Every structure is written in C-alpha cells, then in structure tokens.
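S.K.: My structure is in protein.txt, and what it holds is compact mmCIF, C-alpha atoms:
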```
# COMPACT_ATOMS: atom_id res chain seq x y z
CA MET A 3 2.82 40.49 -5.77
CA LYS A 4 -0.50 42.33 -5.56
CA PHE A 5 -0.50 44.81 -8.44
CA GLU A 6 -3.47 43.29 -10.27
CA PHE A 7 -5.46 42.95 -7.05
CA ALA A 8 -8.22 45.42 -7.87
CA GLN A 9 -9.19 43.89 -11.20
CA HIS A 10 -8.81 40.34 -9.90
CA PHE A 11 -10.80 40.96 -6.73
CA LEU A 12 -13.65 42.78 -8.42
CA ALA A 13 -13.88 40.08 -11.07
CA HIS A 14 -14.17 37.44 -8.36
CA GLN A 15 -16.67 39.19 -6.10
CA LYS A 16 -19.75 37.66 -7.71
CA ALA A 17 -18.23 34.19 -7.74
CA HIS A 18 -17.03 34.62 -4.18
CA GLU A 19 -20.47 35.64 -2.94
CA SER A 20 -22.08 32.54 -4.45
CA ASN A 21 -19.17 30.35 -3.37
CA HIS A 22 -19.39 31.73 0.16
CA GLY A 23 -22.98 30.58 0.40
CA ALA A 24 -21.97 27.14 -0.87
CA ALA A 25 -18.97 27.05 1.45
CA ASP A 26 -21.16 28.03 4.39
CA HIS A 27 -23.62 25.26 3.57
CA GLY A 28 -20.74 22.81 3.12
CA ARG A 29 -19.17 23.94 6.37
CA ARG A 30 -22.31 23.30 8.37
CA ASP A 31 -22.85 19.92 6.71
CA ALA A 32 -19.25 18.92 7.41
CA LEU A 33 -19.45 20.04 11.02
CA LYS A 34 -22.60 18.00 11.50
CA LYS A 35 -20.78 14.96 10.11
CA ILE A 36 -17.59 15.16 12.16
CA GLY A 37 -19.01 16.99 15.17
CA ALA A 38 -17.14 19.32 17.50
CA ALA A 39 -15.03 16.50 18.88
CA GLY A 40 -13.84 15.56 15.41
CA ALA A 41 -12.88 19.13 14.60
CA VAL A 42 -11.03 19.42 17.89
CA ALA A 43 -9.14 16.22 17.16
CA ALA A 44 -8.17 17.55 13.74
CA VAL A 45 -6.28 20.45 15.33
CA GLY A 46 -5.00 18.50 18.32
CA GLY A 47 -6.96 20.52 20.87
CA SER A 48 -9.48 19.74 23.56
CA VAL A 49 -12.66 21.42 24.74
CA LEU A 50 -12.32 22.44 28.35
CA GLY A 51 -14.54 24.27 30.78
CA ALA A 52 -13.93 27.75 32.11
CA SER A 53 -11.10 28.46 34.51
CA PRO A 54 -10.98 30.96 37.39
CA ALA A 55 -11.05 34.64 36.48
CA GLY A 56 -7.89 36.58 35.67
CA ALA A 57 -5.63 37.58 32.80
CA HIS A 58 -1.98 37.63 31.89
CA ASP A 59 -0.08 40.90 31.72
CA HIS A 60 0.10 41.16 27.92
CA TYR A 61 -3.66 41.26 27.44
CA VAL A 62 -4.97 44.07 25.24
CA PRO A 63 -8.71 44.73 25.67
CA GLU A 64 -10.78 44.30 22.52
CA GLY A 65 -10.99 47.67 20.81
CA GLY A 66 -7.90 48.74 22.75
CA PRO A 67 -5.25 51.26 21.63
CA TYR A 68 -4.87 49.87 18.08
CA THR A 69 -7.31 51.13 15.46
CA ASP A 70 -8.21 50.48 11.83
CA GLU A 71 -8.06 54.18 10.96
CA MET A 72 -6.74 54.47 7.40
CA PHE A 73 -3.41 56.23 7.04
CA ASP A 74 -3.11 59.44 5.02
CA VAL A 75 -2.03 58.19 1.59
CA GLU A 76 -1.00 61.59 0.22
CA ALA A 77 1.01 62.41 3.33
CA ALA A 78 2.81 59.06 3.18
CA LYS A 79 3.60 59.57 -0.50
CA ALA A 80 4.96 63.01 0.36
CA GLY A 81 7.35 61.61 2.97
CA ALA A 82 5.43 61.44 6.27
CA TRP A 83 6.90 57.97 6.90
CA VAL A 84 10.46 59.19 6.29
CA PRO A 85 12.86 58.58 7.92
CA GLY A 86 11.96 55.05 8.86
CA PRO A 87 12.20 53.77 12.43
CA TYR A 88 15.87 52.80 12.05
CA GLY A 89 17.33 55.97 10.59
CA PRO A 90 17.49 57.79 7.26
CA ASP A 91 19.80 55.40 5.38
CA ASP A 92 18.49 52.10 6.74
CA GLN A 93 17.72 49.21 4.38
CA ARG A 94 17.23 46.38 6.90
CA GLY A 95 14.11 47.59 8.66
CA SER A 96 13.07 45.53 11.67
CA PHE A 97 15.77 42.96 10.91
CA ASN A 98 17.88 45.41 12.91
CA GLU A 99 16.16 43.79 15.89
CA LEU A 100 17.88 40.48 15.10
CA THR A 101 20.82 41.01 17.39
CA PRO A 102 23.24 38.28 18.51
CA GLU A 103 21.85 38.69 22.03
CA ARG A 104 18.30 37.98 20.85
CA THR A 105 19.46 34.99 18.86
CA ALA A 106 21.13 33.62 22.00
CA ARG A 107 17.98 34.29 24.01
CA ALA A 108 15.90 32.44 21.44
CA MET A 109 18.25 29.46 21.52
CA ARG A 110 17.88 29.30 25.29
CA LYS A 111 14.17 28.59 24.76
CA LEU A 112 15.23 25.07 23.84
CA ASP A 113 16.08 22.55 26.55
CA LEU A 114 19.19 21.06 25.01
CA THR A 115 19.14 18.18 27.46
CA LYS A 116 16.09 16.91 25.53
CA PRO A 117 15.48 16.15 21.85
CA VAL A 118 14.78 19.12 19.57
CA LYS A 119 12.54 18.64 16.53
CA SER A 120 13.00 20.45 13.23
CA TYR A 121 9.68 21.38 11.61
CA GLN A 122 9.59 22.11 7.89
CA MET A 123 7.50 25.26 7.37
CA GLY A 124 7.68 25.52 3.59
CA GLU A 125 4.84 24.60 1.27
CA GLU A 126 5.52 21.59 -0.95
CA MET A 127 6.04 23.09 -4.40
CA TYR A 128 4.58 21.55 -7.53
CA ASN A 129 3.93 22.63 -11.10
CA GLY A 130 0.77 24.69 -11.15
CA PHE A 131 0.92 25.79 -7.49
CA PRO A 132 -1.83 28.45 -7.16
CA ALA A 133 -0.34 31.94 -7.31
CA PHE A 134 -1.92 35.39 -7.21
CA PRO A 135 -2.85 36.36 -10.79
CA SER A 136 -0.57 38.75 -12.67
CA GLU A 137 0.38 39.44 -16.27
CA PRO A 138 2.66 37.75 -17.18
CA PRO A 139 1.66 35.08 -14.65
CA ARG A 140 3.69 33.88 -11.70
CA LEU A 141 4.75 30.33 -12.34
CA HIS A 142 6.44 27.41 -10.69
CA GLU A 143 7.03 25.09 -13.60
CA MET A 144 10.10 22.93 -13.17
CA TYR A 145 11.32 20.37 -15.66
CA CYS A 146 14.11 17.84 -15.45
CA TYR A 147 17.13 18.24 -17.75
CA VAL A 148 19.13 15.08 -18.51
CA PHE A 149 22.59 14.87 -19.99
CA GLY A 150 24.94 11.98 -20.67
CA TYR A 151 22.38 9.22 -21.20
CA GLU A 152 19.07 8.68 -22.97
CA ALA A 153 16.03 9.16 -20.73
CA ALA A 154 13.19 6.65 -20.72
CA PRO A 155 10.34 6.79 -23.27
CA GLY A 156 7.80 9.50 -22.45
CA PHE A 157 10.35 11.73 -20.71
CA VAL A 158 10.48 14.40 -23.42
CA GLU A 159 6.77 14.08 -24.18
CA GLY A 160 6.06 14.91 -20.53
CA GLY A 161 8.12 18.10 -20.67
CA GLY A 162 11.54 16.73 -19.78
CA ILE A 163 14.57 18.17 -21.52
CA GLN A 164 16.98 15.75 -23.20
CA SER A 165 20.49 17.05 -23.75
CA GLY A 166 23.34 15.08 -25.34
CA THR A 167 23.39 11.37 -24.59
CA THR A 168 27.19 10.93 -24.53
CA PRO A 169 28.77 10.96 -21.05
CA LEU A 170 31.57 13.44 -20.36
CA GLY A 171 35.16 12.27 -20.08
CA ALA A 172 36.76 8.91 -19.53
CA ASN A 173 34.87 8.70 -16.24
CA GLU A 174 31.54 8.92 -18.15
CA LEU A 175 29.99 11.76 -16.17
CA THR A 176 26.21 12.12 -16.50
CA GLY A 177 23.77 14.27 -14.61
CA HIS A 178 20.50 16.11 -14.08
CA GLU A 179 19.52 19.72 -13.59
CA GLU A 180 16.25 21.58 -13.26
CA ARG A 181 14.98 24.13 -15.73
CA PHE A 182 12.24 26.64 -15.08
CA ALA A 183 9.55 28.29 -17.15
CA GLU A 184 10.09 31.84 -18.35
CA ASN A 185 8.10 33.51 -15.55
CA PHE A 186 9.62 31.66 -12.60
CA THR A 187 9.64 33.91 -9.52
CA PHE A 188 10.56 33.80 -5.85
CA GLN A 189 7.14 35.41 -5.24
CA ILE A 190 5.20 32.16 -5.04
CA ALA A 191 4.18 29.94 -2.10
CA THR A 192 6.42 30.14 1.03
CA GLN A 193 8.32 33.44 1.07
CA ILE A 194 9.54 36.42 3.07
CA ASP A 195 8.61 39.65 1.29
CA GLY A 196 11.41 42.20 1.05
CA LEU A 197 11.25 45.93 1.72
CA ASN A 198 11.41 46.64 -2.02
CA HIS A 199 8.26 44.63 -2.69
CA ILE A 200 5.47 47.06 -1.73
CA GLY A 201 5.30 50.86 -1.80
CA ILE A 202 2.77 53.66 -1.64
CA GLY A 203 2.78 55.45 -4.96
CA THR A 204 6.42 55.68 -5.95
CA THR A 205 7.53 55.84 -2.31
CA TYR A 206 9.04 52.74 -0.72
CA TYR A 207 10.46 52.03 2.74
CA ASN A 208 12.53 54.89 4.16
CA GLY A 209 11.71 57.19 1.26
CA PHE A 210 13.42 55.25 -1.51
CA GLN A 211 11.73 56.09 -4.80
CA GLY A 212 10.65 53.36 -7.20
CA PRO A 213 11.91 55.08 -10.36
CA ASP A 214 15.32 55.55 -8.71
CA ILE A 215 15.81 51.96 -7.57
CA ALA A 216 14.08 49.83 -10.24
CA GLN A 217 16.82 48.38 -12.43
CA PRO A 218 16.57 45.77 -15.21
CA LEU A 219 18.05 43.00 -13.05
CA GLY A 220 16.45 43.91 -9.71
CA THR A 221 16.33 46.92 -7.42
CA SER A 222 19.41 48.91 -6.46
CA ALA A 223 18.19 49.28 -2.86
CA LEU A 224 16.15 47.33 -0.27
CA GLY A 225 16.78 43.95 -1.95
CA ASN A 226 17.50 40.51 -0.55
CA GLU A 227 21.15 41.34 0.02
CA HIS A 228 20.03 43.34 3.05
CA MET A 229 18.21 40.44 4.72
CA GLY A 230 20.83 37.96 5.85
CA PRO A 231 19.99 34.81 7.81
CA VAL A 232 17.25 34.86 10.44
CA VAL A 233 17.65 32.96 13.71
CA THR A 234 15.22 34.24 16.31
CA ARG A 235 12.28 33.42 18.54
CA GLY A 236 9.25 32.19 16.65
CA VAL A 237 5.75 31.98 18.14
CA ILE A 238 2.95 30.12 16.36
CA LEU A 239 -0.45 31.64 17.13
CA ASP A 240 -2.93 28.83 16.55
CA ILE A 241 -6.01 30.87 15.67
CA ILE A 242 -7.94 28.02 14.05
CA GLY A 243 -7.18 25.83 17.06
CA LEU A 244 -8.54 28.55 19.31
CA LYS A 245 -11.78 28.77 17.34
CA VAL A 246 -12.30 25.01 17.39
CA HIS A 247 -11.48 24.93 21.11
CA ASN A 248 -14.14 27.60 21.75
CA GLY A 249 -16.72 25.85 19.57
CA ASP A 250 -16.99 28.95 17.38
CA THR A 251 -18.36 27.01 14.39
CA ASP A 252 -19.51 30.15 12.56
CA SER A 253 -15.87 31.23 12.08
CA TYR A 254 -14.57 28.13 10.31
CA PHE A 255 -15.45 25.30 7.93
CA VAL A 256 -14.06 21.84 7.30
CA HIS A 257 -12.15 21.01 4.12
CA ASN A 258 -10.82 17.51 3.49
CA GLY A 259 -11.38 16.75 7.16
CA LYS A 260 -9.39 19.80 8.37
CA PRO A 261 -10.88 22.85 10.09
CA VAL A 262 -10.09 26.09 8.24
CA LEU A 263 -10.91 29.69 9.16
CA ASN A 264 -13.53 31.25 6.88
CA GLY A 265 -12.05 33.07 3.93
CA ASP A 266 -13.56 36.38 5.06
CA TYR A 267 -12.52 35.96 8.72
CA ARG A 268 -10.68 38.92 10.22
CA ILE A 269 -8.18 37.91 12.92
CA THR A 270 -8.38 40.41 15.78
CA VAL A 271 -5.99 41.61 18.46
CA HIS A 272 -8.24 39.80 20.91
CA ASP A 273 -7.78 36.55 18.96
CA ILE A 274 -4.03 36.98 19.14
CA GLU A 275 -4.06 37.61 22.89
CA TRP A 276 -6.47 34.73 23.40
CA ALA A 277 -4.14 32.40 21.50
CA LEU A 278 -1.17 33.50 23.63
CA ASN A 279 -3.17 32.77 26.77
CA ARG A 280 -4.47 29.39 25.58
CA GLN A 281 -0.95 28.32 24.60
CA HIS A 282 0.52 29.61 27.89
CA ILE A 283 3.00 31.93 26.18
CA TRP A 284 3.28 34.40 29.00
CA GLN A 285 6.23 36.33 27.57
CA GLY A 286 4.02 37.68 24.79
CA ILE A 287 5.40 38.99 21.50
CA GLY A 288 8.42 41.30 21.56
CA PRO A 289 11.26 42.86 19.57
CA GLY A 290 12.92 40.58 17.06
CA ASP A 291 10.24 37.87 17.40
CA VAL A 292 8.40 36.22 14.52
CA PRO A 293 4.67 35.70 15.20
CA ILE A 294 3.17 33.09 12.82
CA LEU A 295 -0.60 32.92 12.37
CA ASN A 296 -2.04 29.43 11.86
CA THR A 297 -5.41 29.56 10.07
CA GLY A 298 -5.57 26.22 8.26
CA TRP A 299 -5.85 28.01 4.90
CA THR A 300 -3.05 25.90 3.44
CA HIS A 301 -5.51 22.99 3.33
CA VAL A 302 -7.64 24.59 0.59
CA LYS A 303 -4.87 25.03 -1.97
CA ASP A 304 -6.19 21.96 -3.80
CA ASP A 305 -9.02 24.30 -4.85
CA PRO A 306 -7.11 27.20 -6.46
CA GLY A 307 -10.27 29.23 -7.07
CA LEU A 308 -11.21 29.12 -3.38
CA TYR A 309 -7.60 29.48 -2.22
CA LEU A 310 -7.07 32.73 -4.14
CA SER A 311 -10.58 34.19 -3.84
CA GLN A 312 -10.09 35.26 -0.23
CA GLU A 313 -8.03 34.48 2.86
CA PRO A 314 -8.46 34.92 6.61
CA GLY A 315 -6.08 37.45 8.09
CA ILE A 316 -5.29 40.57 10.05
CA TYR A 317 -6.08 44.21 9.35
CA LEU A 318 -4.57 47.54 10.37
CA ALA A 319 -5.12 47.30 14.14
CA GLU A 320 -3.29 43.98 14.26
CA ALA A 321 -0.51 45.25 11.97
CA ARG A 322 -0.03 48.16 14.36
CA TYR A 323 -0.10 45.82 17.35
CA PHE A 324 2.82 43.87 15.86
CA ALA A 325 4.65 47.00 14.71
CA ASP A 326 4.43 48.44 18.22
CA ARG A 327 6.22 45.31 19.45
CA LYS A 328 9.03 45.73 16.86
CA VAL A 329 8.75 42.17 15.58
CA ALA A 330 11.27 41.00 12.98
CA LEU A 331 8.51 39.91 10.61
CA VAL A 332 4.87 38.85 10.69
CA ALA A 333 4.05 35.52 9.07
CA GLY A 334 1.04 33.33 8.39
CA ASP A 335 0.00 30.18 6.58
CA THR A 336 -2.03 32.15 4.00
CA TRP A 337 -0.76 33.49 0.68
CA GLY A 338 -1.06 37.18 1.64
CA LEU A 339 -1.35 37.49 5.46
CA GLU A 340 -4.18 40.04 5.60
CA THR A 341 -7.95 39.86 5.26
CA LEU A 342 -9.45 40.76 1.89
CA ASN A 343 -12.98 41.04 3.28
CA PRO A 344 -14.37 44.24 1.67
CA ASP A 345 -16.60 44.77 4.70
CA VAL A 346 -13.32 45.36 6.57
CA THR A 347 -11.04 46.81 3.90
CA GLY A 348 -13.49 48.95 1.94
CA THR A 349 -11.77 49.98 -1.29
CA GLY A 350 -8.27 49.44 0.11
CA ALA A 351 -5.90 46.86 -1.38
CA PHE A 352 -3.31 45.15 0.84
CA VAL A 353 -2.97 48.12 3.17
CA CYS A 354 -1.35 45.98 5.88
CA HIS A 355 1.54 45.38 3.51
CA GLN A 356 2.03 49.13 3.32
CA GLU A 357 1.61 49.60 7.08
CA LEU A 358 4.12 46.88 7.89
CA ILE A 359 6.62 46.99 5.03
CA THR A 360 6.57 50.54 3.69
CA LYS A 361 5.99 52.42 6.93
CA ASN A 362 7.60 50.23 9.58
CA GLY A 363 10.17 48.17 7.67
CA ILE A 364 8.60 44.91 8.89
CA ARG A 365 8.74 42.11 6.36
CA ILE A 366 5.89 39.67 5.79
CA GLY A 367 6.14 35.87 5.74
CA GLU A 368 3.57 34.04 3.62
CA SER A 369 2.56 30.37 3.36
CA PHE A 370 4.42 29.26 6.49
CA VAL A 371 3.06 25.77 7.15
CA CYS A 372 2.45 25.14 10.85
CA ASP A 373 0.63 21.78 10.87
CA ALA A 374 3.36 19.49 12.20
CA ALA A 375 4.41 21.85 14.99
CA VAL A 376 0.81 22.54 16.03
CA ALA A 377 0.07 18.80 16.12
CA ASP A 378 2.91 18.51 18.67
CA HIS A 379 1.74 21.61 20.59
CA ALA A 380 5.16 23.08 19.80
CA TYR A 381 4.18 26.74 19.66
CA GLU A 382 7.34 28.51 20.81
CA GLY A 383 10.79 27.87 19.42
CA VAL A 384 13.54 29.10 17.14
CA LEU A 385 12.66 30.26 13.64
CA VAL A 386 15.49 29.79 11.14
CA ALA A 387 15.26 31.28 7.66
CA THR A 388 17.93 31.86 5.02
CA PRO A 389 16.50 34.07 2.27
CA GLU A 390 18.28 33.74 -1.07
CA ASN A 391 21.21 36.14 -1.22
CA VAL A 392 20.18 37.62 -4.57
CA PRO A 393 20.87 41.37 -4.82
CA GLY A 394 17.77 43.26 -5.86
CA ALA A 395 15.38 40.33 -5.39
CA THR A 396 12.03 41.12 -3.79
CA CYS A 397 11.66 38.14 -1.48
CA GLY A 398 13.30 34.99 -0.21
CA SER A 399 11.51 31.70 -0.87
CA SER A 400 13.76 29.15 0.82
CA ALA A 401 11.71 27.07 3.26
CA PRO A 402 12.07 28.20 6.89
CA VAL A 403 12.66 25.76 9.73
CA PHE A 404 11.09 25.88 13.19
CA LEU A 405 13.15 24.30 16.00
CA ALA A 406 10.99 23.42 18.96
CA GLN A 407 10.00 20.76 21.47
CA PRO A 408 6.59 19.10 21.82
CA GLY A 409 4.43 20.64 24.53
CA GLN A 410 1.25 20.08 26.46
CA THR A 411 -2.30 20.30 25.14
CA PRO A 412 -3.23 23.99 25.46
CA HIS A 413 -6.22 25.43 27.25
CA LEU A 414 -7.50 28.87 28.13
CA HIS A 415 -6.17 30.04 31.49
CA ASN A 416 -7.96 32.04 34.15
CA GLY A 417 -11.41 32.08 32.63
CA TRP A 418 -10.93 33.93 29.37
CA SER A 419 -14.00 34.00 27.15
```
Here is a file; write its structure as structure tokens.
M.R.:
Amino acid sequence: MKFEFAQHFLAHQKAHESNHGAADHGRRDALKKIGAAGAVAAVGGSVLGASPAGAHDHYVPEGGPYTDEMFDVEAAKAGAWVPGPYGPDDQRGSFNELTPERTARAMRKLDLTKPVKSYQMGEEMYNGFPAFPSEPPRLHEMYCYVFGYEAAPGFVEGGGIQSGTTPLGANELTGHEERFAENFTFQIATQIDGLNHIGIGTTYYNGFQGPDIAQPLGTSALGNEHMGPVVTRGVILDIIGLKVHNGDTDSYFVHNGKPVLNGDYRITVHDIEWALNRQHIWQGIGPGDVPILNTGWTHVKDDPGLYLSQEPGIYLAEARYFADRKVALVAGDTWGLETLNPDVTGTGAFVCHQELITKNGIRIGESFVCDAAVADHAYEGVLVATPENVPGATCGSSAPVFLAQPGQTPHLHNGWS
C-alpha cells in the first residue's frame, strides 16, 4: 500500500506546508463561527469541570515505558524478529489471541435483555474514492453490466456495459452484475491489512522472504486464508471527542461542520489512556481486543488532496503499547493509521506498519468509520469482521460491524488533566 510513499510525500511537502497554514487559518475561523459548544455538539460530548483527583489502574504516565526509539533495520532484516511471538511456523500472528473463550467474553459485554445496535464501520465506496498513489494506481471503479434487456438511453455512454438483450430461456431470465476497472484492489478504503502486506527489506512476518512467497496470483504464505472471521471485543477510542471535550482547539479544525484532528497530530499513549478514562472503560485494552482510534479524518475525504497529504495517528511508542497488550489488530478511521508528521517520523516511512505487522504479527485496520457508534456513546462492544477468504490476498476489505449498546455521555473521571 505504501511503496511510493517517499516520492509522494516529498512531492507534497511544499503543498502541505502552504495548505497547513490555510487549514490552520480556516480552523480558527471555523471555531470562532461555531464556538466550543458547537464543536462539542458535533461529537456528542459535553464540557465538564474537573473531578476529584485519582486515576484508574491502567494509566501509563506520559513518557512512560514505551519509546519512539527506532528499531535496528539491518538486524531486523537479518532475522532479529524471527521467530515471531507465536512460534516459528505461525502465519496467523495476533489472531491467535482470538480464542473461543475471548469471543464468548466479548459477547457477554452485551446485555441481551436490551436491544443491541449494529453499527456499519465501512466507508461508503464510490468511483474515484481517494486512494494512496501508486503506479499503476489503486482504483475503485465499478460499472453495471446488464444482460437480457436493453438499458435506458445514456447507460452505455455513462460507462455501463450492455450485454445481449435477449432473455435466457423460456422463463426470460435477465440480470445485472458489476464489473471493475483493471486495477481494482482490496487495498482501498476500509480494510484489514494482512501479514503479507508490509515487510522490512525482503523479510516479512516470522522470517518469510518476499522472493520466496510472491507468486503471480498472490502470496504463498501469510495471505487472507490465514485470517478467518473476527468476533471479539472492540473498543472505540474517541480521540477527537477528547480534544473537543478538553477545549484543545490547537489540535483540531472543523471541516463541513465536523471537528477533525489536525493532519500532523500525533496521538500519544496519554491520549489513549485519557480516552479510556473519559469513556469509563476501566478494563483497559487487552489480548484479542481491537482498539479503534476515532480522529474524524473520514470527514475530509471530499478533499482528496488534503485527505492523502497527511493523517493524524500513532507512532512507535503507541504501537508498542498496543503490541504489549497483544491486541488482535489496531484500527483507526484514517487511511493509514500512523502519523506522517516528519517532525515525528524523520526520514522513516510507515514504521508502525513494520513494528505491528512485520515484528509482532498484529494486523492494521484502516478507514473504520466510528461516527454512528460515537454519536450513541457506544464505545465498547463486539467487533465482527469477515475478511475475504482469498488465498494470497494482502487484506480484507469487507465492511466490519460493531455490535454495541448506547451509553452515557462520557466525562473525565477523578480529575485527569
């Protein structure tokens, strides 16, 4: 997904710097217009005063045990990350944490005596959906194919595909199918990256070598066939809601009436712990869970240049925080999960993907839409995903579902600041 990152990012730096100034000016203007109360309303939060001092037992002090120290690239290429955390022949990575017992525990999070809502977490796909640049390009271009009758005027001119107009059989069967452009890929919009997606040099998860596994029709190891269905505890971490709640107007802007984290914003371990506290999720994040970061970035996809120029996200300390907790996958509502801010990343390119996927076998979920669940304060529930069972594929793009129940308006507990 990210192989042309360096050229793309460098080419966009100048534009990004000028756009950032414009975005900052626009952000301040928009905030003046809607005010703090309007921004709070847009994320369904409320501004509350401080509470008594204290902290919950999952709190990690800012600057705590997780660091941004860059891993040793040459050592990793030479096998320092082999074997992986689940043994020398493993191809499932942290999906090994998805045990029947944990699925049952997740299901018990729901009060089945009350209604359970199903929240669609997939982006709405459309022709031209903004996708990270590559050559040839990633595309979602779908066209309707008609057989058995003559479509209306303008159908073919608009890209539709007319097949024969004679129905099949005495029963006069007709129908429709979809057809895709040549470069259709699962690697666009909502997806769960596979363990064959990102490596370090030729080395992939658990020591598999790219030249050994890359086959004309997919990879011979680490592909989608090793995923299986996902039914586990999901926890939405409403980072943009937290920032609005705290009145931290320098960390976000307003786009189409929606608050959105700044494109260069780095989500910290402290932000994550703060969000857990504010949302009263005292159990914290643990093995087999799916943390989902809500940043609001999905709301800027109507501006593809802005959408792809940057994204708010985590960096190495946060990746290590989640890896230490043996999560099943880490997801977000952005297109690439991690910050691209060069003040944070230096010359690195998508190093969190390597830290999570290549080293720890933890898959990454991208473009998980959280809006409906967050509006209901439904932060903890059951995440259900069924990646396409396509051997050798590099990700699953079927839309995940979040099963949860509306909750109470969150607030920071015990005087966090």
S.K.: A:Asn264, A:Thr270, A:Asn296, A:Gln122: which is nearest Glu320 of chain A, counting only C-alpha atoms?
M.R.: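 Smallest separation from Glu320 of chain A among the options: A:Thr270.
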S.K.: So that I can check the surroundings of segment 214-227 of chain A, please list as JSON, numbers by chain every protein, DNA and RNA residue that reaches within 10 Å of it, counting all atoms listed in the file and ignoring chain neighbours fewer than 5 positions away.
M.R.: {"A": [92, 93, 94, 95, 194, 195, 196, 197, 198, 199, 204, 206, 207, 208, 363, 389, 390, 391, 392, 393, 394, 395, 396, 397, 398]}
S.K.: Based on the selection just made, write C-alpha atoms of those residues as a tab-separated table (two decimals), in the frame of the given file.
M.R.:
```
chain	number	residue	atom	x	y	z
A	92	ASP	CA	18.49	52.10	6.74
A	93	GLN	CA	17.72	49.21	4.38
A	94	ARG	CA	17.23	46.38	6.90
A	95	GLY	CA	14.11	47.59	8.66
A	194	ILE	CA	9.54	36.42	3.07
A	195	ASP	CA	8.61	39.65	1.29
A	196	GLY	CA	11.41	42.20	1.05
A	197	LEU	CA	11.25	45.93	1.72
A	198	ASN	CA	11.41	46.64	-2.02
A	199	HIS	CA	8.26	44.63	-2.69
A	204	THR	CA	6.42	55.68	-5.95
A	206	TYR	CA	9.04	52.74	-0.72
A	207	TYR	CA	10.46	52.03	2.74
A	208	ASN	CA	12.53	54.89	4.16
A	363	GLY	CA	10.17	48.17	7.67
A	389	PRO	CA	16.50	34.07	2.27
A	390	GLU	CA	18.28	33.74	-1.07
A	391	ASN	CA	21.21	36.14	-1.22
A	392	VAL	CA	20.18	37.62	-4.57
A	393	PRO	CA	20.87	41.37	-4.82
A	394	GLY	CA	17.77	43.26	-5.86
A	395	ALA	CA	15.38	40.33	-5.39
A	396	THR	CA	12.03	41.12	-3.79
A	397	CYS	CA	11.66	38.14	-1.48
A	398	GLY	CA	13.30	34.99	-0.21
```
S.K.: Counting only C-alpha atoms, figure out which residue out of A:Leu331, A:Ile241, A:Met144, A:Leu318 gets nearest to Ile287 of chain A.
M.R.: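 Checking each candidate against Ile287 of chain A, we get A:Leu331 as the closest.
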S.K.: Would you kindly return, as a PyMOL selection string, each protein, DNA or RNA residue with an atom no farther than 10 Å from any atom of Glu184 of chain A, considering all atoms listed in the file and excluding same-chain residues fewer than 4 positions away?
M.R.: chain A and resi 138-143
S.K.: With 7 Å as the cut-off and all atoms listed in the file counted, what is the closest atom pair between each nearby residue of segment 181-297 of chain A and segment 339-358 of chain A? Distances in Å to one decimal, ordered by chain and number, as JSON lines.
M.R.:
```
{"residue": "A:Ile200", "atom": "CA", "partner": "A:Gln356", "partner_atom": "CA", "distance": 6.5}
{"residue": "A:Gly201", "atom": "CA", "partner": "A:Gln356", "partner_atom": "CA", "distance": 6.3}
{"residue": "A:Ile202", "atom": "CA", "partner": "A:Gln356", "partner_atom": "CA", "distance": 6.8}
{"residue": "A:Asp266", "atom": "CA", "partner": "A:Asn343", "partner_atom": "CA", "distance": 5.0}
{"residue": "A:Tyr267", "atom": "CA", "partner": "A:Thr341", "partner_atom": "CA", "distance": 6.9}
{"residue": "A:Arg268", "atom": "CA", "partner": "A:Thr341", "partner_atom": "CA", "distance": 5.7}
```
S.K.: Quick one: everything within 8 Å of Gly383 of chain A, counting only C-alpha atoms, minus sequence neighbours fewer than 2 positions away in the same chain. Send it as a PyMOL selection string.
M.R.: chain A and resi 108-109+111-112+235-237+380-381+385+404-407
S.K.: So how many Å separate atom CA of Pro132 of chain A and atom CA of Thr360 of chain A, to one decimal?
M.R.: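 Spanning atom CA of Pro132 of chain A to atom CA of Thr360 of chain A is a straight-line distance of 26.0 Å.
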